[in-house]
Structures are given as structure tokens and as C-alpha cells.
Amino acid sequence: MSSRFNNLPSYYTLPDTLRNWPWQRRDNPWLAEVKRESSAWAESFQAFSPRAQNAFNMCDFNLLAALAYPTLSREGCRIGADLMNLYFVIDEYSDVADTKLARIQADIIMDALRNPLKPRPAGEWVGGECTRSYWENTIHFSTPACQRHFLILQQADDRGKHIIRTLDDYFALRRETVGAKPSYIINEINLNLPDDVLLEENMQILIETATDMIIIANDLFSWNVEQAKGDDLHNCVTIIMHHLGLDHADALAYISDLHDHTANRFFEAQAKVPSTGSAELDAEVDFFVDGLGMWVRANDQWSFEGKRYFGPEGLTIQKTRYVKRLSKIGGEDGQPLPEYVIDAPRAQLAIAVL
């Protein structure tokens, strides 16, 4: 690594990427009840040690669901909350798995999705029963179209390797592994969108650009924790610094411009979505597109309201955009890392959709 990685700033300013985003913060009125139920459901699988479970709870993935699905019914909000919790149960295990083990886990997940009424084998990895239970509940409240659009894959090839992908390669990978696409599909639980409507060119651009904005936000917010843990090679901040030869401040400026360009592509595609010829189906398309815009806002808002990336300082940082860079593990200055940094699950998700 060049000197720009050894001379990182002590403080830095996060760009306000959603300063002109028209979707504003909303949350689902069923949050409190759903949070109790979904948290109890997730904890029932005993996937974490007590300390890791505490860090998991601090992230408040139920809040993310409530922000992402503000208009869904109680059942829809619960399905969304369970999915967020399922993601991170799986993530905790896939992040420490090599490619072979991750493929075994992915096969278990797929089998659980295909056979939600079949008991899982004794002694199997916990992700199998967690997935089976989730999907058994989901199919009772979702349309066949929603179920058809839902599928799970995995990522693991870069784990344990000193690889810095190109920016284009990185986004191509992350669009399929960040977990956004199946999350969008939760908004389809009461819809009957035909495949050709979702595959229409402008709809695909909307899905891609919403996903890219989520990727950018995740990487901007998770970079501090990841660089402290020496785990930032799979992050667009580091990738841009490395491949474009930029220092940290210039990399953030580049990312801010990239986000603005991506948002403009979203708005242009939104204006070009054609009518289906059916008022009822057009309303479903509008609902789905609104859900994409809401997801971009929800992901950003949750990153500050939850304690995943910034601990108890999140709301203050959201206002000031001013961040103190964390010391490296092992201690540049001997200062211990905050507990949420040591214990928090990684930012990568092991879920994608075909």
C-alpha cells in the first residue's frame, strides 16, 4: 500500500449524498410490536454468543425494516424484519467461511427455501432452520409472483485473499451480494407484477441504481470500522484510493459525485417507465418504484439511528457529518476500540436474487 494509506486523516467529513433525495424518513407504525416478535424469533436460534448477540441487537435490524417498509401491513413489516435478521444470522457465518463451506451453506439455504415444511436434519448448520422457518411464514402472506422472484446465492471468493477489485468489477459483484434485490421484493408481498414488467429496461435501471446507492452508502459508513479492523479491501473507498491514486478526502469527493450521477440516472429512468396499459398494474409499478426510493432513504437513515457503524454518536454524526477515524486494531495510539467495532457483524450480506 502507498503512503496515502499510511497517512489517513484523524477526522473526516462524510458527504451528504441524500441532500436532494425526495423520499423522506418514515417508519412503520407496527415497529414496536414487530421488533419484539422478530427479535425473539431471531434469538430463538441461539446463533450467537451472548456478547455477539448484544452487538447484533445494537444494530437494530428491525428498525431498518420499519424504515424500508413504512406502508406495509403488520404481517409485511414482520416479514421484512425477519428477513433483515435472517440476513445477518447467515452473514455471521458466511463471512468466516471459505468458498467450499459457503457453497455448502448456500445449498442448505436453497434446500430450506424449496422445502419449508420439511424438518431440517439434526445437527445441521443453524442457517438451515432459520431460513426454513422464515420462508414457511413468508409464503402464507405473499403472492406467488413475490415468491417466484425470491432466491438466494452467496459470496465468498474474496474471503481471506488480499484482493482489491476494480471499481466496475466491485459494483458488479456487490449488486448481486449486497442483499438489496430480495429486500425490494418484500414490497411485492401483495403485488402481482409480471416478470416482463420487472425486466423492462427502465425498471432494471431503477433497481440497479437504487442498489448502487445502497452500496455506496454502506461503504461510506462502514469504512471506518473496516479500516480499523484491517478489513477494508472490499470497500469502494479503499478501491478508489488504490486504483485512482486518490487520498481519502479526494476519494470521498469522487464517491459523492458518483452518487449524484447514480441518483440522476434513477430519476431519468423513473420518468421513462412505460405504462402497462392497466391502471391497476400501473399502480403496482408505482408502489414498487416508491419502495426502491424508500429503501435508499431507509438504509441511510438506519445507518445513523442504529449503532452498527457509529455507535451512540450516529445521530450527531448525521447532523455534523464529522467523523473521528478509529485507531487500527493493535493500536496506532494504544486506544482500545469501541465495543460495537469489536463485536459488530460485517457489512457484507450473503443474499442475492436472480
# chains A, B, ... in the order shown; residues from 1 in each chain; ligands from 1

$ residues_around --residues "Asp219 in chain A" --least-positions-apart "6" --cutoff "10 Å" --atoms "only C-alpha atoms" --output "list in words"
Met213, Glu226, Asp232, His234, Asn235, Cys236, Val237, Thr238, Ile255, Ala347 and Gln348 of chain A

$ write_last_selection --atoms "N, CA, C and O atoms" --output "PDB file, in the first residue's frame"
ATOM      1  N   MET A 213     -26.694   2.954  -4.976  1.00  0.00           N
ATOM      2  CA  MET A 213     -26.705   3.985  -3.929  1.00  0.00           C
ATOM      3  C   MET A 213     -26.625   3.364  -2.543  1.00  0.00           C
ATOM      4  O   MET A 213     -25.994   3.919  -1.634  1.00  0.00           O
ATOM      5  N   GLU A 226     -14.247  -0.857   9.216  1.00  0.00           N
ATOM      6  CA  GLU A 226     -13.490  -1.859   8.460  1.00  0.00           C
ATOM      7  C   GLU A 226     -12.000  -1.537   8.410  1.00  0.00           C
ATOM      8  O   GLU A 226     -11.160  -2.439   8.534  1.00  0.00           O
ATOM      9  N   ASP A 232     -10.849  -3.575   4.991  1.00  0.00           N
ATOM     10  CA  ASP A 232     -11.472  -2.574   4.120  1.00  0.00           C
ATOM     11  C   ASP A 232     -11.161  -2.753   2.644  1.00  0.00           C
ATOM     12  O   ASP A 232     -11.487  -1.877   1.830  1.00  0.00           O
ATOM     13  N   HIS A 234     -12.601  -4.724   0.611  1.00  0.00           N
ATOM     14  CA  HIS A 234     -13.868  -4.934  -0.096  1.00  0.00           C
ATOM     15  C   HIS A 234     -14.775  -3.736   0.183  1.00  0.00           C
ATOM     16  O   HIS A 234     -15.898  -3.868   0.656  1.00  0.00           O
ATOM     17  N   ASN A 235     -14.265  -2.540  -0.112  1.00  0.00           N
ATOM     18  CA  ASN A 235     -14.969  -1.293   0.167  1.00  0.00           C
ATOM     19  C   ASN A 235     -14.588  -0.286  -0.908  1.00  0.00           C
ATOM     20  O   ASN A 235     -13.407  -0.132  -1.226  1.00  0.00           O
ATOM     21  N   CYS A 236     -15.577   0.410  -1.476  1.00  0.00           N
ATOM     22  CA  CYS A 236     -15.284   1.278  -2.621  1.00  0.00           C
ATOM     23  C   CYS A 236     -14.392   2.456  -2.241  1.00  0.00           C
ATOM     24  O   CYS A 236     -13.706   3.015  -3.107  1.00  0.00           O
ATOM     25  N   VAL A 237     -14.355   2.867  -0.975  1.00  0.00           N
ATOM     26  CA  VAL A 237     -13.445   3.943  -0.573  1.00  0.00           C
ATOM     27  C   VAL A 237     -12.004   3.504  -0.803  1.00  0.00           C
ATOM     28  O   VAL A 237     -11.203   4.212  -1.433  1.00  0.00           O
ATOM     29  N   THR A 238     -11.653   2.341  -0.306  1.00  0.00           N
ATOM     30  CA  THR A 238     -10.300   1.814  -0.489  1.00  0.00           C
ATOM     31  C   THR A 238     -10.014   1.517  -1.949  1.00  0.00           C
ATOM     32  O   THR A 238      -8.907   1.789  -2.448  1.00  0.00           O
ATOM     33  N   ILE A 255     -16.632   9.788  -4.664  1.00  0.00           N
ATOM     34  CA  ILE A 255     -17.793   8.963  -4.349  1.00  0.00           C
ATOM     35  C   ILE A 255     -19.058   9.803  -4.295  1.00  0.00           C
ATOM     36  O   ILE A 255     -20.128   9.386  -4.739  1.00  0.00           O
ATOM     37  N   ALA A 347     -20.363  -5.878   7.202  1.00  0.00           N
ATOM     38  CA  ALA A 347     -21.352  -5.167   6.390  1.00  0.00           C
ATOM     39  C   ALA A 347     -21.806  -5.978   5.184  1.00  0.00           C
ATOM     40  O   ALA A 347     -22.804  -5.669   4.572  1.00  0.00           O
ATOM     41  N   GLN A 348     -21.069  -7.022   4.809  1.00  0.00           N
ATOM     42  CA  GLN A 348     -21.462  -7.778   3.614  1.00  0.00           C
ATOM     43  C   GLN A 348     -22.622  -8.713   3.939  1.00  0.00           C
ATOM     44  O   GLN A 348     -22.669  -9.336   4.976  1.00  0.00           O
TER      45      GLN A 348
END

$ residues_around --residues "Ala298 in chain A" --least-positions-apart "3" --cutoff "9 Å" --atoms "only C-alpha atoms" --output "list in words"
Gln24, Arg25, Arg26, Asp27, Leu64, Ala65, Ala66, Leu67, Ala68, Tyr69, Gly293, Met294, Trp295, Gln301, Trp302 and Ser303 of chain A

$ write_last_selection --atoms "C-alpha atoms" --output "tab-separated table (two decimals), in the first residue's frame"
chain	number	residue	atom	x	y	z
A	24	GLN	CA	-38.01	11.33	3.50
A	25	ARG	CA	-37.80	9.31	6.72
A	26	ARG	CA	-40.91	7.31	7.59
A	27	ASP	CA	-41.34	4.25	9.75
A	64	LEU	CA	-34.20	-0.99	9.19
A	65	ALA	CA	-37.24	-2.99	8.12
A	66	ALA	CA	-39.66	-0.46	9.58
A	67	LEU	CA	-37.91	2.37	7.75
A	68	ALA	CA	-37.78	0.43	4.49
A	69	TYR	CA	-41.40	-0.77	4.56
A	293	GLY	CA	-36.72	5.16	-3.34
A	294	MET	CA	-37.75	4.46	0.25
A	295	TRP	CA	-35.09	1.75	0.57
A	301	GLN	CA	-31.26	6.71	7.98
A	302	TRP	CA	-30.83	3.38	9.75
A	303	SER	CA	-27.05	3.68	9.41

$ closest_residue --among "A:Ile139, A:Val323, A:Ala249, A:Ile239" --to "Gly76 in chain A" --atoms "only C-alpha atoms"
A:Ile139

$ closest_residue --among "A:Glu284, A:Asp82, A:Asp290, A:Glu43" --to "Gln270 in chain A" --atoms "only C-alpha atoms"
A:Asp290

$ select_by_dssp --residues "range 65-191 of chain A" --states "alpha helix (DSSP H)" --output "VMD selection string"
chain A and resid 65 to 68 74 to 94 99 to 114 126 to 138 144 to 148 167 to 177 180 to 185

$ closest_residue --among "A:Arg175, A:His140, A:Arg132, A:Arg36" --to "Asn190 in chain A" --atoms "only C-alpha atoms"
A:His140

$ decode --residues "range 76-145 of chain A" --atoms "C-alpha atoms" --output "compact mmCIF listing (two decimals), in the first residue's frame"
# COMPACT_ATOMS: atom_id res chain seq x y z
CA GLY A 76 -45.47 -7.34 5.82
CA CYS A 77 -43.37 -5.45 8.34
CA ARG A 78 -42.77 -8.68 10.26
CA ILE A 79 -41.67 -10.49 7.08
CA GLY A 80 -39.29 -7.62 6.36
CA ALA A 81 -37.90 -7.58 9.90
CA ASP A 82 -37.40 -11.35 9.91
CA LEU A 83 -35.57 -11.09 6.59
CA MET A 84 -33.20 -8.43 7.94
CA ASN A 85 -32.46 -10.61 10.96
CA LEU A 86 -32.08 -13.70 8.77
CA TYR A 87 -29.57 -11.88 6.55
CA PHE A 88 -27.27 -11.15 9.44
CA VAL A 89 -27.56 -14.56 11.06
CA ILE A 90 -26.39 -16.03 7.76
CA ASP A 91 -23.82 -13.27 7.34
CA GLU A 92 -22.15 -14.01 10.65
CA TYR A 93 -21.30 -17.50 9.40
CA SER A 94 -20.66 -16.86 5.69
CA ASP A 95 -18.11 -14.15 6.49
CA VAL A 96 -15.78 -16.67 8.12
CA ALA A 97 -16.41 -19.39 5.54
CA ASP A 98 -14.17 -20.24 2.61
CA THR A 99 -15.69 -20.81 -0.83
CA LYS A 100 -16.33 -24.53 -0.25
CA LEU A 101 -18.06 -24.07 3.10
CA ALA A 102 -20.03 -21.07 1.80
CA ARG A 103 -21.32 -23.21 -1.07
CA ILE A 104 -22.43 -25.89 1.40
CA GLN A 105 -24.25 -23.24 3.42
CA ALA A 106 -25.84 -21.80 0.26
CA ASP A 107 -27.07 -25.29 -0.70
CA ILE A 108 -28.61 -25.71 2.75
CA ILE A 109 -30.37 -22.35 2.38
CA MET A 110 -31.72 -23.25 -1.05
CA ASP A 111 -32.98 -26.61 0.20
CA ALA A 112 -34.72 -24.90 3.11
CA LEU A 113 -36.41 -22.46 0.72
CA ARG A 114 -37.58 -25.25 -1.57
CA ASN A 115 -38.81 -27.39 1.32
CA PRO A 116 -40.15 -25.06 4.01
CA LEU A 117 -42.39 -27.76 5.52
CA LYS A 118 -39.64 -30.39 5.80
CA PRO A 119 -37.85 -30.68 9.18
CA ARG A 120 -34.15 -29.89 8.94
CA PRO A 121 -31.61 -32.62 9.74
CA ALA A 122 -30.38 -32.86 13.30
CA GLY A 123 -27.03 -31.17 13.81
CA GLU A 124 -27.29 -29.09 10.64
CA TRP A 125 -25.91 -25.54 10.45
CA VAL A 126 -28.36 -23.15 12.12
CA GLY A 127 -28.92 -21.15 8.92
CA GLY A 128 -30.98 -24.01 7.50
CA GLU A 129 -33.67 -23.96 10.18
CA CYS A 130 -33.63 -20.17 10.36
CA THR A 131 -34.27 -19.96 6.60
CA ARG A 132 -36.91 -22.70 6.64
CA SER A 133 -38.81 -21.00 9.44
CA TYR A 134 -38.62 -17.64 7.69
CA TRP A 135 -39.88 -18.95 4.37
CA GLU A 136 -42.66 -21.04 5.93
CA ASN A 137 -44.10 -17.86 7.43
CA THR A 138 -43.50 -15.73 4.34
CA ILE A 139 -45.35 -17.96 1.89
CA HIS A 140 -48.54 -17.61 3.95
CA PHE A 141 -48.62 -13.84 3.35
CA SER A 142 -47.05 -13.34 -0.09
CA THR A 143 -48.30 -13.73 -3.65
CA PRO A 144 -46.92 -16.43 -5.97
CA ALA A 145 -45.23 -13.68 -8.02
